[in-house]
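Read the structure below first, then the notes.
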Amino acid sequence: MSKLGVILSKEFRQIIRNPAIIRLIFIMPVIQLLVLPNAADYEIKNINLQVTDHDHSALSRRLIDNISATGYFKVIGYGSDRNQAMVAIEKDKADLILEIPHNFERDLIREESARLMLAVNAINGVKASLGGAYLNNLLRQFNGDIRTEWLQPDRLQKPFSITTTFTNWFNPGMNYKYFMVPGILVLLLTMVGMNLTAINIVREKEIGTIEQINVSPIKKHHFILGKLIPFWVLGLVVLTIGFLIARLVYGIVPLGAYWTIYVFAAVYLLVILGMGLLVSTFSATQQQAMLVSFFIMMIFILMGGLYTSIDSMPEWAKWITRINPVTYFIEVMRRVVLKGANLGDVTKELSIILGYALLVNGLAILSYRKRS
Amino acid sequence: MQDRAITAEKLTKKFGDFTAVDQISFEVSKGEIFGFLGANGAGKTTAMRMFCGLSLPTSGVATVGGFDVYSENEKIKNSIGYMSQRFSLYDDLSVIENIRFYAGIYGMSSKAIRVKAEHILKGLELEAEKNMLVGSLPLGWKQKLAFSVAIFHEPRIVFLDEPTGGVDPITRREFWQLIYEAAGEGITVFVTTHYMDEAEYCNRVSIMVDGRIEALDTPTGMKKHMGVGSMNEVFLQLARKATRTEN
Amino acid sequence: MKQFYNFVIKEFIHIMRDRRTLFILIGMPVVQILIFGFALTNEVKNSGFAVIDLSHDERSAQLIDELDASRYFEIRGKFQSVESLEQSFRKGQVKIGIVIPSNFGKDMERPGGASLQFIADASDPNVANTLINYANAVVLDFENNINGEKKIPYTIQTETRMLYNPQLKGAYNFVPGVMAMVLLLVCTMMTALTVVREKELGTLEVMLVSPLKPLKIIIAKAVPYLLLSMLNIASILLLSVFVLDVPINGSLTLLVGEGILFILVALSLGLLISSSTASQQSAMFISLIGMFLPTVMLSGFMFPIENMPLPMQVVSNAVPAKWFYIIVRSVMIKGVGLKHVWKETLILSGMLIFFMAMAIKKFKVRLA
């Protein structure tokens, strides 16, 4: 057996005998994929609406009926007391208050214009802006309906008019889970890969067995490869488990080819594992290694575009996303899964990640010292 | 040079302002059992780590097996075995898996490993336990196994760093029998220990105090020179001079 | 008392020695606050769009200019066919495409009017929704501008007020969340790991044979982390107020008091974990999977709880961070008093007593 083979067989045996690792490999994907997509649901539904109606007219009631008929809004309170509505917001019972002033119907008929007041609980920015926009659109539509009903056809003459139609591609059902699950798969691979490798070498340091290896004539790159390959294989196993769950539970089948993702994942894992190795060569204790890798992962994942759009970030933050491997993989994963991108469409990202892999692992080999 | 296994000439290691090993010079002949004594913190382990290529000397000259410790570091590694005070076998691998792993990284062929492993396990009376995890073996057996693993690839020199720490006197005696057998096969043994009765088993001993070698002689010569009856007394007299505190 | 004090000092020395860990424990909240405060926004802006202009007239050029001029859109491509638009979507260059049919300008003047088609990349449904809303608004403006200031009858004007967070800053939502996350990390995970580490090294036994009561030893291990977390609360609050302009609308005393309550809950959880695990690796995985992920996912600061399936909503009640998050949000941003958060405070206190009792019981069992 070659020297590399000797190291590999030892590493694999140790992994198989470690219940903590085996548990991690099977429990993490299940928990994350079953819980996260259900938790990370930004689909706009169940927006709690509190209505303060000072008008009590036929029109105001029709408006409210219209709103609750959409299914997006849940009217949780109806009254004419403004304070009561504010309390509902303070207690987080309501997300939006719609206030219909006195004489709403009368003003609209007599003066041809009327006002409505909308107050949004904006602490949660996403919900606030989306909910507010939805309700505004709804009111505009309501307005249009009323207008066409009340108007004699000839009074509304717009010399120029545009009809706009919208088409949603790639996810016509607007299913938020289709968007989250591919991203979560990346998260999973990153967390498992980096954590395991970061702790691995440090553990040998703490136990003392690393000395025994360092006094042997084993080559540095053999040792590093021997540490990398098992976790690389494990990473691909985790990815496969993830895809199985995605398919069985959420019915997500990549539009593109599986092998495109596996090719990319294979290279991506090298980057992540290499980073784990770098962390472990610089750490003295498992606690330290874990904390450092946790810190790096946290930044990578937050800045990876999983939850928030990268386009909206300021310039300096965009720079961080450009050196963040997670960004590239999430992007590629979504493109292949949802848009059916092929290897040709992701060559740019693939070559960046490949360069990254060479750099990180080169550094890992250089910084691993057999002698202090 | 031919008959010298280890040479050191003003070998020094500093960590910042602290001089752990201070200009030590000595030679060890082939096939010799060389005892390397000293109190905790005297610098024994640091010195040994320099010979094994685990630590880079700050200054001085040293060779191991005829190779320079600065430039021929990796060549040295092919000709030495090492067993540290911290336990060096994997608890979660079985006896035979540990042997296969360590012999494998020295490039021995599977066939050679199989033949030799059988022989060694027989000698250690561990044949029945060969598939047991090392973690479940008693400490004394682990230690003997670790030594056998350290010389499995037939190195010319073996470095033992407090190999018998924490084991009972009977096991220690058995352990020293293994050392004698190895020396008989021509392996040079470089050993640190805290047990003065073990020092008596060595061909020659050196005693380190505060990073320097204070005495170097055969045990008999040393006792005679100091005018005392046992190595224990020799050690106490010399170690009393130490100014460094133990850490 | 003197002995207890000595133990605390020893623990402090351990923590101070490990500079890297200390640096991360202190730096983590700072970095998180900065990322959440400045890099992550829920706003959608500068999204790439592509045009398939089959009309090539004055009107179409005008419309494209107006889209490009809005802060939400940024033109990234002009194509001739839907196929090349799709290609661009697949490369991730644009998020929305607009198809302007031929004779757009002329059609606008005809009775039926002109038509336009927007094609959104709906792989992210929320961004797609938002962009469609924005695009619609731009087109409406464009239409109105051309039609001049002609008054349209029967108009309902809507006046929207954003309460508490008029600029829709993400920070308002994240600051309380980061606080919960960091405190949990420092208190629960670090305490659990240090205690288990001493178990692994065998030094815990040495201390347990000392005349000090076991409970006091454990508490002594937790004290430095308590102080470290107070430091974290201070740095988070200072950064929020002075760097992110997130005000503290309620009582500072109440806020700090609630913070200490949460720290104690987190510490007792850490002790509970450490008393039921034997190795650092398993302590770490338990705190990661059992504590950290639920906190991020189920405390409501990243994802709205009311959108979750019922079982998860039920489970979320067992996550201490959820209650702490509600409290901080109410006190800090809405500026309400204890009157409004007594229920949550009571729940946290109950959790504290429960976890503490469990931890002590477990320790006693092990020691007996």
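A note on labels: chains of the structure tokens are A, B, ... as shown, every chain counts residues from 1, and ligands are counted from 1 in their shown order.
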
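Selecting strand (DSSP E or B) from the backbone DSSP output for segment 2-130 of chain C yields Ser47, Gly48, Phe49, Ala50, Val51, Ile52, Asp53, Phe73, Glu74, Ile75, Arg76, Gly77, Lys78, Phe79, Ile96, Gly97, Ile98, Val99, Ile100, Ala114, Ser115, Leu116, Gln117, Phe118, Ile119, Ala120 and Asp121 of chain C.
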
Query raised in the report: Any idea what's packed within 10 Å of segment 214-216 of chain A, counting only C-alpha atoms, ignoring anything in its chain fewer than 5 positions away? Could you give it as a PyMOL selection string?
Result: (chain A and resi 209+223+369-371) or (chain B and resi 49+51-54+73-83+102-103+105-106+150)

**Report entry** Close residues, segment 206-221 of chain B itself excluded, 10 Å, only C-alpha atoms, min 5 positions apart in chain, as a ChimeraX atom specification
**Finding:** /B:10-13,19-26,34-44,46-47,192,199-201,226-227,229-231,234-235,238-245

With N, CA and C atoms kept, could you save the residues just selected as a compact mmCIF listing (two decimals), in the first residue's frame?
```
# COMPACT_ATOMS: atom_id res chain seq x y z
N LYS B 10 27.72 22.57 21.05
CA LYS B 10 27.16 23.87 21.47
C LYS B 10 25.73 24.08 20.96
N LEU B 11 24.96 23.03 21.02
CA LEU B 11 23.59 23.10 20.54
C LEU B 11 22.74 23.94 21.50
N THR B 12 22.02 24.93 20.93
CA THR B 12 21.26 25.88 21.75
C THR B 12 19.87 26.08 21.18
N LYS B 13 18.89 26.22 22.09
CA LYS B 13 17.54 26.59 21.65
C LYS B 13 17.00 27.67 22.57
N THR B 19 16.43 30.73 27.43
CA THR B 19 17.29 29.74 26.81
C THR B 19 16.95 28.37 27.38
N ALA B 20 16.25 27.59 26.60
CA ALA B 20 15.81 26.29 27.09
C ALA B 20 16.96 25.30 27.10
N VAL B 21 17.75 25.33 26.03
CA VAL B 21 18.91 24.45 25.94
C VAL B 21 20.13 25.34 25.68
N ASP B 22 21.13 25.21 26.53
CA ASP B 22 22.22 26.17 26.52
C ASP B 22 23.56 25.51 26.16
N GLN B 23 23.94 25.57 24.91
CA GLN B 23 25.24 25.09 24.43
C GLN B 23 25.61 23.71 24.94
N ILE B 24 24.81 22.73 24.61
CA ILE B 24 25.17 21.38 25.06
C ILE B 24 26.03 20.69 23.99
N SER B 25 27.01 19.94 24.44
CA SER B 25 27.89 19.20 23.54
C SER B 25 28.08 17.79 24.07
N PHE B 26 27.88 16.81 23.23
CA PHE B 26 28.17 15.42 23.61
C PHE B 26 28.10 14.54 22.38
N PHE B 34 21.94 5.47 25.90
CA PHE B 34 22.37 6.74 26.45
C PHE B 34 21.25 7.33 27.28
N GLY B 35 21.47 7.50 28.57
CA GLY B 35 20.45 8.06 29.46
C GLY B 35 20.58 9.58 29.52
N PHE B 36 19.45 10.26 29.36
CA PHE B 36 19.45 11.71 29.31
C PHE B 36 18.59 12.18 30.47
N LEU B 37 19.28 12.55 31.59
CA LEU B 37 18.52 12.85 32.80
C LEU B 37 18.44 14.34 33.07
N GLY B 38 17.55 14.69 33.95
CA GLY B 38 17.39 16.09 34.33
C GLY B 38 16.05 16.27 35.00
N ALA B 39 15.96 17.34 35.81
CA ALA B 39 14.69 17.62 36.48
C ALA B 39 13.67 18.10 35.45
N ASN B 40 12.44 18.17 35.85
CA ASN B 40 11.43 18.74 34.95
C ASN B 40 11.83 20.17 34.60
N GLY B 41 11.71 20.52 33.36
CA GLY B 41 12.02 21.88 32.95
C GLY B 41 13.49 22.12 32.71
N ALA B 42 14.32 21.07 32.81
CA ALA B 42 15.76 21.26 32.62
C ALA B 42 16.11 21.41 31.14
N GLY B 43 15.23 21.00 30.25
CA GLY B 43 15.47 21.17 28.81
C GLY B 43 15.66 19.87 28.06
N LYS B 44 15.40 18.73 28.74
CA LYS B 44 15.61 17.43 28.08
C LYS B 44 14.74 17.27 26.84
N THR B 46 13.16 19.46 25.05
CA THR B 46 13.49 20.39 23.98
C THR B 46 14.69 19.89 23.19
N ALA B 47 15.70 19.42 23.91
CA ALA B 47 16.90 18.92 23.23
C ALA B 47 16.55 17.73 22.34
N THR B 192 15.16 9.46 27.92
CA THR B 192 15.07 10.33 29.10
C THR B 192 14.24 9.62 30.13
N ALA B 199 18.42 4.73 35.31
CA ALA B 199 19.67 5.34 34.89
C ALA B 199 20.82 4.34 35.03
N GLU B 200 20.70 3.48 36.05
CA GLU B 200 21.75 2.48 36.26
C GLU B 200 21.85 1.50 35.10
N TYR B 201 20.72 1.31 34.37
CA TYR B 201 20.73 0.36 33.25
C TYR B 201 21.46 0.91 32.03
N MET B 226 31.53 11.49 42.29
CA MET B 226 30.85 12.31 43.28
C MET B 226 31.01 11.72 44.68
N GLY B 227 31.50 10.51 44.76
CA GLY B 227 31.70 9.87 46.05
C GLY B 227 30.41 9.48 46.75
N GLY B 229 26.81 6.64 46.78
CA GLY B 229 26.51 5.24 46.55
C GLY B 229 25.48 4.96 45.47
N SER B 230 24.63 5.92 45.14
CA SER B 230 23.60 5.62 44.16
C SER B 230 23.40 6.78 43.20
N MET B 231 22.76 6.49 42.05
CA MET B 231 22.48 7.52 41.06
C MET B 231 21.52 8.56 41.65
N VAL B 234 23.50 11.14 43.29
CA VAL B 234 24.18 11.95 42.27
C VAL B 234 23.21 13.01 41.76
N PHE B 235 22.02 12.53 41.44
CA PHE B 235 21.03 13.42 40.84
C PHE B 235 20.64 14.54 41.80
N LEU B 238 23.28 17.26 42.09
CA LEU B 238 23.38 18.14 40.93
C LEU B 238 22.14 19.00 40.77
N ALA B 239 20.97 18.38 40.96
CA ALA B 239 19.72 19.08 40.72
C ALA B 239 19.50 20.20 41.71
N ARG B 240 20.12 20.07 42.88
CA ARG B 240 19.98 21.09 43.91
C ARG B 240 20.49 22.45 43.41
N LYS B 241 21.42 22.39 42.47
CA LYS B 241 21.98 23.64 41.96
C LYS B 241 21.01 24.42 41.07
N ALA B 242 19.95 23.75 40.68
CA ALA B 242 19.04 24.37 39.72
C ALA B 242 18.42 25.64 40.26
N THR B 243 18.33 26.66 39.41
CA THR B 243 17.69 27.90 39.81
C THR B 243 16.32 28.04 39.15
N ARG B 244 16.15 27.34 38.05
CA ARG B 244 14.88 27.41 37.34
C ARG B 244 13.79 26.75 38.14
N THR B 245 12.63 27.32 38.11
CA THR B 245 11.52 26.64 38.76
C THR B 245 10.82 25.75 37.76
```

Report task. Figure out the distance between atom CA of Ile33 of chain C and atom CA of Gly259 of chain C, please, to one decimal in Å. Result -> 17.0 Å

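Closest approach to chain C among A:His56, A:Lys318, A:Lys205, A:Lys74 is made by A:Lys318 (distances from only C-alpha atoms).
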
Query raised in the report: What residues in chain A have any atom no more than 9 Å from chain B when counting only C-alpha atoms, and can you write them as number ranges by chain?
Result: A: 1-7, 9-10, 13-14, 17-18, 207-219, 369-372

Keeping only N, CA and C atoms, take the residues you just selected and write them out as a PDB file, in the first residue's frame.
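Final output, out_5.pdb:
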```pdb
ATOM      1  N   MET A   1       0.846  -1.194   0.000  1.00  0.00           N
ATOM      2  CA  MET A   1       0.000   0.000   0.000  1.00  0.00           C
ATOM      3  C   MET A   1       0.887   1.252   0.000  1.00  0.00           C
ATOM      4  N   SER A   2       0.448   2.273  -0.741  1.00  0.00           N
ATOM      5  CA  SER A   2       1.230   3.507  -0.792  1.00  0.00           C
ATOM      6  C   SER A   2       1.093   4.241   0.543  1.00  0.00           C
ATOM      7  N   LYS A   3       1.991   5.193   0.766  1.00  0.00           N
ATOM      8  CA  LYS A   3       1.927   5.922   2.037  1.00  0.00           C
ATOM      9  C   LYS A   3       0.615   6.667   2.190  1.00  0.00           C
ATOM     10  N   LEU A   4       0.152   7.249   1.067  1.00  0.00           N
ATOM     11  CA  LEU A   4      -1.119   7.968   1.111  1.00  0.00           C
ATOM     12  C   LEU A   4      -2.253   7.013   1.475  1.00  0.00           C
ATOM     13  N   GLY A   5      -2.186   5.819   0.868  1.00  0.00           N
ATOM     14  CA  GLY A   5      -3.211   4.821   1.157  1.00  0.00           C
ATOM     15  C   GLY A   5      -3.222   4.456   2.628  1.00  0.00           C
ATOM     16  N   VAL A   6      -2.028   4.360   3.219  1.00  0.00           N
ATOM     17  CA  VAL A   6      -1.933   4.025   4.642  1.00  0.00           C
ATOM     18  C   VAL A   6      -2.636   5.077   5.485  1.00  0.00           C
ATOM     19  N   ILE A   7      -2.352   6.355   5.171  1.00  0.00           N
ATOM     20  CA  ILE A   7      -2.968   7.428   5.951  1.00  0.00           C
ATOM     21  C   ILE A   7      -4.482   7.418   5.750  1.00  0.00           C
ATOM     22  N   SER A   9      -6.507   4.992   4.972  1.00  0.00           N
ATOM     23  CA  SER A   9      -7.256   3.917   5.623  1.00  0.00           C
ATOM     24  C   SER A   9      -7.359   4.196   7.117  1.00  0.00           C
ATOM     25  N   LYS A  10      -6.341   4.818   7.681  1.00  0.00           N
ATOM     26  CA  LYS A  10      -6.400   5.166   9.106  1.00  0.00           C
ATOM     27  C   LYS A  10      -7.461   6.225   9.361  1.00  0.00           C
ATOM     28  N   ARG A  13     -11.007   4.819   9.076  1.00  0.00           N
ATOM     29  CA  ARG A  13     -11.365   4.002  10.229  1.00  0.00           C
ATOM     30  C   ARG A  13     -11.738   4.865  11.421  1.00  0.00           C
ATOM     31  N   GLN A  14     -10.941   5.933  11.643  1.00  0.00           N
ATOM     32  CA  GLN A  14     -11.196   6.774  12.812  1.00  0.00           C
ATOM     33  C   GLN A  14     -12.534   7.491  12.691  1.00  0.00           C
ATOM     34  N   ARG A  17     -15.401   5.189  13.402  1.00  0.00           N
ATOM     35  CA  ARG A  17     -15.542   4.816  14.809  1.00  0.00           C
ATOM     36  C   ARG A  17     -15.966   5.972  15.695  1.00  0.00           C
ATOM     37  N   ASN A  18     -16.057   7.200  15.121  1.00  0.00           N
ATOM     38  CA  ASN A  18     -16.383   8.345  15.960  1.00  0.00           C
ATOM     39  C   ASN A  18     -17.876   8.648  15.878  1.00  0.00           C
ATOM     40  N   ILE A 207      -3.985  15.323  21.575  1.00  0.00           N
ATOM     41  CA  ILE A 207      -3.697  13.965  22.047  1.00  0.00           C
ATOM     42  C   ILE A 207      -2.200  13.686  22.020  1.00  0.00           C
ATOM     43  N   GLY A 208      -1.490  14.304  21.091  1.00  0.00           N
ATOM     44  CA  GLY A 208      -0.050  14.111  21.025  1.00  0.00           C
ATOM     45  C   GLY A 208       0.401  13.208  19.902  1.00  0.00           C
ATOM     46  N   THR A 209      -0.540  12.615  19.182  1.00  0.00           N
ATOM     47  CA  THR A 209      -0.141  11.682  18.131  1.00  0.00           C
ATOM     48  C   THR A 209       0.522  12.383  16.948  1.00  0.00           C
ATOM     49  N   ILE A 210       0.314  13.696  16.834  1.00  0.00           N
ATOM     50  CA  ILE A 210       0.871  14.385  15.678  1.00  0.00           C
ATOM     51  C   ILE A 210       2.397  14.358  15.693  1.00  0.00           C
ATOM     52  N   GLU A 211       2.980  14.332  16.903  1.00  0.00           N
ATOM     53  CA  GLU A 211       4.435  14.276  17.023  1.00  0.00           C
ATOM     54  C   GLU A 211       4.980  13.017  16.357  1.00  0.00           C
ATOM     55  N   GLN A 212       4.264  11.937  16.610  1.00  0.00           N
ATOM     56  CA  GLN A 212       4.703  10.660  16.083  1.00  0.00           C
ATOM     57  C   GLN A 212       4.733  10.687  14.554  1.00  0.00           C
ATOM     58  N   ILE A 213       3.790  11.435  13.983  1.00  0.00           N
ATOM     59  CA  ILE A 213       3.757  11.549  12.532  1.00  0.00           C
ATOM     60  C   ILE A 213       4.844  12.503  12.052  1.00  0.00           C
ATOM     61  N   ASN A 214       5.069  13.548  12.831  1.00  0.00           N
ATOM     62  CA  ASN A 214       6.077  14.525  12.435  1.00  0.00           C
ATOM     63  C   ASN A 214       7.503  13.987  12.457  1.00  0.00           C
ATOM     64  N   VAL A 215       7.770  12.979  13.303  1.00  0.00           N
ATOM     65  CA  VAL A 215       9.129  12.422  13.303  1.00  0.00           C
ATOM     66  C   VAL A 215       9.296  11.367  12.218  1.00  0.00           C
ATOM     67  N   SER A 216       8.209  11.060  11.525  1.00  0.00           N
ATOM     68  CA  SER A 216       8.317  10.068  10.460  1.00  0.00           C
ATOM     69  C   SER A 216       8.669  10.783   9.159  1.00  0.00           C
ATOM     70  N   PRO A 217       9.178  10.035   8.194  1.00  0.00           N
ATOM     71  CA  PRO A 217       9.580  10.680   6.937  1.00  0.00           C
ATOM     72  C   PRO A 217       8.411  11.007   6.021  1.00  0.00           C
ATOM     73  N   ILE A 218       7.209  10.991   6.530  1.00  0.00           N
ATOM     74  CA  ILE A 218       6.044  11.227   5.683  1.00  0.00           C
ATOM     75  C   ILE A 218       6.086  12.639   5.089  1.00  0.00           C
ATOM     76  N   LYS A 219       5.678  12.740   3.827  1.00  0.00           N
ATOM     77  CA  LYS A 219       5.698  14.042   3.151  1.00  0.00           C
ATOM     78  C   LYS A 219       4.514  14.879   3.607  1.00  0.00           C
ATOM     79  N   ARG A 369       3.813  22.986   9.556  1.00  0.00           N
ATOM     80  CA  ARG A 369       5.232  22.755   9.807  1.00  0.00           C
ATOM     81  C   ARG A 369       5.422  21.479  10.593  1.00  0.00           C
ATOM     82  N   LYS A 370       6.315  20.670  10.087  1.00  0.00           N
ATOM     83  CA  LYS A 370       6.626  19.463  10.850  1.00  0.00           C
ATOM     84  C   LYS A 370       7.578  19.819  11.983  1.00  0.00           C
ATOM     85  N   ARG A 371       8.245  20.970  11.841  1.00  0.00           N
ATOM     86  CA  ARG A 371       9.212  21.313  12.876  1.00  0.00           C
ATOM     87  C   ARG A 371       8.992  22.750  13.298  1.00  0.00           C
ATOM     88  N   SER A 372       9.076  23.034  14.595  1.00  0.00           N
ATOM     89  CA  SER A 372       8.803  24.386  15.083  1.00  0.00           C
ATOM     90  C   SER A 372      10.084  25.175  15.236  1.00  0.00           C
TER      91      SER A 372
END
```

Report task. Name the residues of segment 1-229 of chain A that come out as helix (DSSP H, G or I) in a backbone DSSP run; write them as a PyMOL selection string. Result -> chain A and resi 3-17+19-39+58-69+82-90+104-110+125-150+153-155+176-207+209-214+220-229

Output C-alpha atoms of each residue in that selection to a file, as a short mmCIF file (atom, residue, chain, number, x, y, z; two decimals), in the first residue's frame.
```cif
data_model
loop_
_atom_site.label_atom_id
_atom_site.label_comp_id
_atom_site.auth_asym_id
_atom_site.auth_seq_id
_atom_site.Cartn_x
_atom_site.Cartn_y
_atom_site.Cartn_z
CA LYS A 3 1.93 5.92 2.04
CA LEU A 4 -1.12 7.97 1.11
CA GLY A 5 -3.21 4.82 1.16
CA VAL A 6 -1.93 4.03 4.64
CA ILE A 7 -2.97 7.43 5.95
CA LEU A 8 -6.33 7.28 4.21
CA SER A 9 -7.26 3.92 5.62
CA LYS A 10 -6.40 5.17 9.11
CA GLU A 11 -8.45 8.36 8.76
CA PHE A 12 -11.47 6.52 7.41
CA ARG A 13 -11.37 4.00 10.23
CA GLN A 14 -11.20 6.77 12.81
CA ILE A 15 -14.12 8.62 11.27
CA ILE A 16 -16.29 5.53 11.15
CA ARG A 17 -15.54 4.82 14.81
CA PRO A 19 -20.07 8.50 16.87
CA ALA A 20 -20.02 12.31 17.09
CA ILE A 21 -18.99 12.63 13.45
CA ILE A 22 -21.42 10.04 12.19
CA ARG A 23 -24.22 11.73 14.07
CA LEU A 24 -23.23 15.09 12.68
CA ILE A 25 -23.19 13.79 9.13
CA PHE A 26 -26.66 12.37 9.29
CA ILE A 27 -28.44 14.63 11.75
CA MET A 28 -27.25 17.98 10.41
CA PRO A 29 -28.69 17.57 6.90
CA VAL A 30 -31.97 16.24 8.23
CA ILE A 31 -32.45 19.00 10.78
CA GLN A 32 -31.32 21.80 8.55
CA LEU A 33 -33.28 20.70 5.53
CA LEU A 34 -36.44 19.86 7.41
CA VAL A 35 -36.47 22.83 9.71
CA LEU A 36 -34.75 25.72 7.94
CA PRO A 37 -36.81 25.90 4.75
CA ASN A 38 -39.96 25.89 6.85
CA ALA A 39 -38.58 28.49 9.20
CA ALA A 58 -70.85 50.56 2.55
CA LEU A 59 -67.64 51.43 0.73
CA SER A 60 -65.41 50.93 3.74
CA ARG A 61 -66.94 47.53 4.38
CA ARG A 62 -66.50 46.58 0.77
CA LEU A 63 -62.87 47.60 0.95
CA ILE A 64 -62.27 45.43 4.00
CA ASP A 65 -64.04 42.48 2.40
CA ASN A 66 -61.86 42.94 -0.64
CA ILE A 67 -58.71 42.87 1.42
CA SER A 68 -59.56 39.81 3.46
CA ALA A 69 -60.66 37.96 0.32
CA ARG A 82 -57.19 54.51 17.30
CA ASN A 83 -55.51 53.68 20.62
CA GLN A 84 -56.75 50.16 20.55
CA ALA A 85 -55.07 49.76 17.18
CA MET A 86 -51.77 51.12 18.49
CA VAL A 87 -51.84 48.68 21.39
CA ALA A 88 -52.29 45.84 18.92
CA ILE A 89 -49.10 46.96 17.18
CA GLU A 90 -47.19 47.38 20.41
CA PHE A 104 -64.35 58.43 3.32
CA GLU A 105 -67.16 57.39 1.00
CA ARG A 106 -68.71 60.86 0.92
CA ASP A 107 -65.42 62.57 0.07
CA LEU A 108 -64.71 60.17 -2.70
CA ILE A 109 -68.08 60.78 -4.29
CA ARG A 110 -68.33 64.53 -3.74
CA GLY A 125 -38.15 45.51 7.40
CA VAL A 126 -38.91 42.67 4.98
CA LYS A 127 -42.38 42.11 6.19
CA ALA A 128 -43.09 45.77 6.45
CA SER A 129 -42.01 46.73 2.98
CA LEU A 130 -43.53 43.72 1.27
CA GLY A 131 -46.77 43.91 3.25
CA GLY A 132 -47.06 47.64 2.73
CA ALA A 133 -46.44 47.29 -1.01
CA TYR A 134 -49.01 44.52 -1.26
CA LEU A 135 -51.67 46.50 0.48
CA ASN A 136 -50.91 49.57 -1.61
CA ASN A 137 -51.26 47.56 -4.79
CA LEU A 138 -54.52 46.18 -3.53
CA LEU A 139 -55.84 49.64 -2.77
CA ARG A 140 -54.84 50.83 -6.22
CA GLN A 141 -56.71 47.94 -7.76
CA PHE A 142 -59.74 48.67 -5.59
CA ASN A 143 -59.52 52.27 -6.70
CA GLY A 144 -59.47 51.25 -10.34
CA ASP A 145 -62.48 48.99 -9.92
CA ILE A 146 -64.50 51.72 -8.22
CA ARG A 147 -63.53 54.20 -10.88
CA THR A 148 -64.61 52.09 -13.83
CA GLU A 149 -67.85 51.30 -12.01
CA TRP A 150 -68.72 54.89 -11.25
CA PRO A 153 -67.09 55.52 -20.10
CA ASP A 154 -66.20 58.74 -21.91
CA ARG A 155 -64.86 60.64 -18.91
CA TYR A 176 -39.99 30.30 -1.47
CA LYS A 177 -38.69 26.85 -0.56
CA TYR A 178 -37.34 26.35 -4.06
CA PHE A 179 -35.24 29.38 -3.43
CA MET A 180 -34.05 28.47 0.07
CA VAL A 181 -33.32 24.75 -0.21
CA PRO A 182 -30.43 25.03 -2.71
CA GLY A 183 -28.90 27.75 -0.54
CA ILE A 184 -29.26 25.64 2.57
CA LEU A 185 -27.48 22.75 0.87
CA VAL A 186 -24.47 25.03 0.46
CA LEU A 187 -24.68 26.08 4.08
CA LEU A 188 -24.75 22.48 5.13
CA LEU A 189 -21.72 21.51 3.14
CA THR A 190 -19.80 24.51 4.41
CA MET A 191 -20.60 23.94 8.07
CA VAL A 192 -19.92 20.22 8.07
CA GLY A 193 -16.74 20.49 5.98
CA MET A 194 -15.08 23.34 7.78
CA ASN A 195 -15.93 22.27 11.31
CA LEU A 196 -14.76 18.71 10.91
CA THR A 197 -11.42 19.51 9.31
CA ALA A 198 -10.69 22.41 11.63
CA ILE A 199 -11.03 20.18 14.64
CA ASN A 200 -9.27 17.18 13.16
CA ILE A 201 -5.59 18.15 13.17
CA VAL A 202 -5.95 20.07 16.42
CA ARG A 203 -7.29 16.95 18.03
CA GLU A 204 -4.14 15.06 17.05
CA LYS A 205 -2.17 17.92 18.52
CA GLU A 206 -4.07 17.74 21.81
CA ILE A 207 -3.70 13.97 22.05
CA THR A 209 -0.14 11.68 18.13
CA ILE A 210 0.87 14.39 15.68
CA GLU A 211 4.44 14.28 17.02
CA GLN A 212 4.70 10.66 16.08
CA ILE A 213 3.76 11.55 12.53
CA ASN A 214 6.08 14.53 12.43
CA LYS A 220 3.70 17.10 4.11
CA HIS A 221 1.41 16.90 1.13
CA HIS A 222 0.73 13.24 1.83
CA PHE A 223 -0.34 14.10 5.33
CA ILE A 224 -2.53 17.01 4.21
CA LEU A 225 -4.09 14.96 1.42
CA GLY A 226 -4.70 12.14 3.85
CA LYS A 227 -6.64 14.56 6.02
CA LEU A 228 -8.49 16.19 3.12
CA ILE A 229 -9.70 13.26 1.09
#
```

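For the pair atom CA of Ile330 of chain A and atom CA of Val82 of chain C, the separation is 25.3 Å.
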
Requested in this report: At a cut-off of 6 Å, list the chain C residues touching chain A, using only C-alpha atoms, as an MDAnalysis selection string.
Outcome: chainID C and resid 21 39 42 44:47 90:91 108:109 113:125 153:163 165 168 170 172:173 303 308

Report task. With a distance cut-off of 10 Å and only C-alpha atoms, select the neighbouring residues of segment 174-176 of chain B, excluding the residue or stretch itself and same-chain residues fewer than 3 positions from it, and output the selection as a list in words. Result -> Leu124, Gly140, Trp141, Gln143, Lys144, Leu145, Phe147, Ser148, Pro163, Thr164, Val167, Pro169, Ile170, Thr171, Ile179, Tyr180, Glu181, Ala182, Glu198, Tyr201 and Cys202 of chain B
